[in-house]
Amino acid sequence: MILINQLIGLLEQNSNLYGEMISKVEEENLAIQRCDLDRLNELVKEKENISLKLKMVDESRKNLLVKIASETGKAANEITIGELAEMPENASVRGRLLAVKERLLGDAAATKERNDFNRRLIGRAMNTIKESLRYANNLVGGPGNTYSNGKHVEGRMPSGMVVTRSY
């Protein structure tokens, strides 16, 4: 029972971190819309910090599952929250365990959905910039290939997203 309560605490902590991540992703969306690059850089660092915390909580959860597995006679990677909730000895915490599972699944899905939206938004903005620069280069008689993706532009530019002409 003590291990299950510890697991519930870790899952709640995990869910809270996803809640923080959702907040940062929503702030990121506003920063993208405002083209606030300084704030975007700050948010990337904050999201990385939350990601590190999530990784630490996940490692703690895995270690705890090994202990729970030794008590139940199952392999740690085979144990599910649903199975733990159905065990008679966990009847008093069944509701909390299932509730935190649902909350965690919802928070993780919401974070992924919002993060994917921001990724698409940034991708579209980059495509618009690339096309605008290509068009401007063509207007002044320059090369149409303004960007490189893993190759050199005209044999002299380093790989990556590189602007060869921006007027």
# chains A, B, ... in the order shown; residues from 1 in each chain; ligands from 1

$ residues_around --residues "stretch 21-28 of chain A" --least-positions-apart "4" --cutoff "9 Å" --atoms "only C-alpha atoms" --output "tab-separated table (two decimals) with all heavy atoms, in the first residue's frame"
chain	number	residue	atom	x	y	z
A	16	ASN	N	1.23	17.20	-12.86
A	16	ASN	CA	1.44	18.62	-12.59
A	16	ASN	C	2.51	19.22	-13.51
A	16	ASN	O	2.38	20.36	-13.97
A	16	ASN	CB	1.83	18.84	-11.12
A	16	ASN	CG	0.69	18.54	-10.17
A	16	ASN	OD1	-0.48	18.58	-10.55
A	16	ASN	ND2	1.03	18.23	-8.94
A	17	LEU	N	3.56	18.44	-13.77
A	17	LEU	CA	4.60	18.92	-14.69
A	17	LEU	C	4.06	19.07	-16.10
A	17	LEU	O	4.40	20.03	-16.80
A	17	LEU	CB	5.81	17.97	-14.66
A	17	LEU	CG	6.66	18.05	-13.41
A	17	LEU	CD1	7.66	16.89	-13.35
A	17	LEU	CD2	7.40	19.39	-13.33
A	32	ILE	N	5.05	33.12	-30.53
A	32	ILE	CA	5.17	32.88	-31.98
A	32	ILE	C	4.32	33.89	-32.73
A	32	ILE	O	4.76	34.51	-33.70
A	32	ILE	CB	4.76	31.44	-32.34
A	32	ILE	CG1	5.76	30.45	-31.77
A	32	ILE	CG2	4.65	31.27	-33.85
A	32	ILE	CD1	5.28	29.00	-31.79
A	33	GLN	N	3.09	34.07	-32.28
A	33	GLN	CA	2.18	35.00	-32.95
A	33	GLN	C	2.71	36.43	-32.90
A	33	GLN	O	2.50	37.19	-33.84
A	33	GLN	CB	0.79	34.94	-32.31
A	33	GLN	CG	0.08	33.64	-32.56
A	33	GLN	CD	-1.24	33.57	-31.82
A	33	GLN	OE1	-1.89	34.58	-31.60
A	33	GLN	NE2	-1.64	32.37	-31.44
A	39	ARG	N	11.39	35.97	-25.98
A	39	ARG	CA	10.51	35.17	-25.12
A	39	ARG	C	10.50	33.71	-25.57
A	39	ARG	O	10.47	32.80	-24.74
A	39	ARG	CB	9.08	35.75	-25.12
A	39	ARG	CG	8.13	35.01	-24.19
A	39	ARG	CD	8.56	35.13	-22.74
A	39	ARG	NE	7.68	34.34	-21.89
A	39	ARG	CZ	8.11	33.59	-20.89
A	39	ARG	NH1	9.37	33.56	-20.56
A	39	ARG	NH2	7.25	32.90	-20.18
A	40	LEU	N	10.55	33.47	-26.89
A	40	LEU	CA	10.61	32.10	-27.39
A	40	LEU	C	11.85	31.39	-26.86
A	40	LEU	O	11.77	30.23	-26.44
A	40	LEU	CB	10.62	32.08	-28.92
A	40	LEU	CG	9.27	32.07	-29.62
A	40	LEU	CD1	9.45	32.20	-31.12
A	40	LEU	CD2	8.48	30.83	-29.27
A	43	LEU	N	11.30	30.52	-23.28
A	43	LEU	CA	10.35	29.42	-23.14
A	43	LEU	C	10.96	28.08	-23.52
A	43	LEU	O	10.65	27.06	-22.90
A	43	LEU	CB	9.09	29.69	-23.99
A	43	LEU	CG	8.19	30.77	-23.43
A	43	LEU	CD1	7.18	31.24	-24.46
A	43	LEU	CD2	7.48	30.30	-22.17
A	44	VAL	N	11.84	28.07	-24.51
A	44	VAL	CA	12.52	26.83	-24.86
A	44	VAL	C	13.32	26.33	-23.67
A	44	VAL	O	13.29	25.14	-23.33
A	44	VAL	CB	13.42	27.02	-26.11
A	44	VAL	CG1	14.38	25.87	-26.29
A	44	VAL	CG2	12.57	27.20	-27.35
A	46	GLU	N	12.78	27.03	-20.50
A	46	GLU	CA	11.84	26.62	-19.45
A	46	GLU	C	11.24	25.25	-19.77
A	46	GLU	O	11.09	24.40	-18.87
A	46	GLU	CB	10.74	27.67	-19.29
A	46	GLU	CG	11.26	28.97	-18.69
A	46	GLU	CD	10.22	30.09	-18.68
A	46	GLU	OE1	9.01	29.80	-18.82
A	46	GLU	OE2	10.63	31.26	-18.55
A	47	LYS	N	10.92	25.01	-21.04
A	47	LYS	CA	10.37	23.72	-21.44
A	47	LYS	C	11.42	22.61	-21.28
A	47	LYS	O	11.08	21.50	-20.86
A	47	LYS	CB	9.87	23.77	-22.89
A	47	LYS	CG	8.56	24.53	-23.05
A	47	LYS	CD	8.17	24.74	-24.49
A	47	LYS	CE	8.16	23.50	-25.31
A	47	LYS	NZ	7.74	23.69	-26.70
A	50	ILE	N	11.51	21.71	-17.63
A	50	ILE	CA	10.36	20.86	-17.27
A	50	ILE	C	10.58	19.45	-17.81
A	50	ILE	O	10.29	18.46	-17.13
A	50	ILE	CB	9.04	21.47	-17.78
A	50	ILE	CG1	8.75	22.79	-17.06
A	50	ILE	CG2	7.89	20.49	-17.60
A	50	ILE	CD1	7.61	23.60	-17.66
A	51	SER	N	11.13	19.35	-19.01
A	51	SER	CA	11.39	18.03	-19.60
A	51	SER	C	12.37	17.24	-18.76
A	51	SER	O	12.21	16.02	-18.57
A	51	SER	CB	11.93	18.17	-21.02
A	51	SER	OG	10.95	18.69	-21.88
A	107	ASP	N	-3.47	15.19	-19.79
A	107	ASP	CA	-2.46	16.26	-19.82
A	107	ASP	C	-1.37	15.97	-20.85
A	107	ASP	O	-0.93	16.87	-21.57
A	107	ASP	CB	-1.82	16.43	-18.44
A	107	ASP	CG	-2.76	17.06	-17.43
A	107	ASP	OD1	-3.81	17.61	-17.83
A	107	ASP	OD2	-2.45	17.00	-16.22
A	108	ALA	N	-0.95	14.72	-20.94
A	108	ALA	CA	0.08	14.36	-21.91
A	108	ALA	C	-0.43	14.55	-23.34
A	108	ALA	O	0.28	15.09	-24.20
A	108	ALA	CB	0.54	12.92	-21.69
A	110	ALA	N	-2.89	16.58	-24.32
A	110	ALA	CA	-3.08	18.01	-24.56
A	110	ALA	C	-1.74	18.70	-24.84
A	110	ALA	O	-1.64	19.56	-25.72
A	110	ALA	CB	-3.77	18.66	-23.37
A	111	THR	N	-0.71	18.32	-24.11
A	111	THR	CA	0.62	18.89	-24.32
A	111	THR	C	1.12	18.56	-25.71
A	111	THR	O	1.60	19.43	-26.44
A	111	THR	CB	1.61	18.36	-23.26
A	111	THR	OG1	1.14	18.72	-21.97
A	111	THR	CG2	3.00	18.95	-23.47
A	112	LYS	N	0.98	17.31	-26.10
A	112	LYS	CA	1.44	16.89	-27.42
A	112	LYS	C	0.68	17.63	-28.52
A	112	LYS	O	1.27	18.12	-29.48
A	112	LYS	CB	1.26	15.39	-27.59
A	112	LYS	CG	1.75	14.88	-28.95
A	112	LYS	CD	1.47	13.41	-29.13
A	112	LYS	CE	1.95	12.86	-30.44
A	112	LYS	NZ	1.77	13.67	-31.61
A	114	ARG	N	-0.90	20.57	-28.44
A	114	ARG	CA	-0.53	21.99	-28.51
A	114	ARG	C	0.89	22.18	-29.02
A	114	ARG	O	1.17	23.11	-29.77
A	114	ARG	CB	-0.71	22.63	-27.14
A	114	ARG	CG	-2.16	22.78	-26.75
A	114	ARG	CD	-2.31	23.36	-25.35
A	114	ARG	NE	-3.68	23.65	-25.03
A	114	ARG	CZ	-4.37	23.01	-24.10
A	114	ARG	NH1	-3.81	22.04	-23.41
A	114	ARG	NH2	-5.61	23.33	-23.85
A	115	ASN	N	1.79	21.31	-28.61
A	115	ASN	CA	3.17	21.40	-29.06
A	115	ASN	C	3.26	21.13	-30.57
A	115	ASN	O	4.00	21.81	-31.28
A	115	ASN	CB	4.04	20.41	-28.27
A	115	ASN	CG	5.46	20.88	-28.15
A	115	ASN	OD1	5.73	22.06	-28.02
A	115	ASN	ND2	6.37	19.94	-28.18
A	118	ASN	N	2.14	24.20	-32.44
A	118	ASN	CA	3.19	25.22	-32.49
A	118	ASN	C	4.27	24.85	-33.49
A	118	ASN	O	4.79	25.71	-34.21
A	118	ASN	CB	3.80	25.44	-31.11
A	118	ASN	CG	2.90	26.22	-30.19
A	118	ASN	OD1	1.87	26.74	-30.60
A	118	ASN	ND2	3.27	26.29	-28.93

$ residues_around --residues "stretch 81-98 of chain A" --least-positions-apart "6" --cutoff "12 Å" --atoms "only C-alpha atoms" --output "MDAnalysis selection string"
chainID A and resid 1:12 61 65 68:69 71:72 74 104:105

$ atom_distance --atom1 "atom CA of A:Lys45" --atom2 "atom CA of A:Ser15"
19.8 Å

$ select_by_dssp --residues "stretch 13-162 of chain A" --states "alpha helix (DSSP H)" --output "PyMOL selection string"
chain A and resi 13-34+37-72+81-86+94-139

$ closest_residue --among "A:Arg134, A:Leu54, A:Val66, A:Val140" --to "A:Glu78" --atoms "only C-alpha atoms"
A:Val66
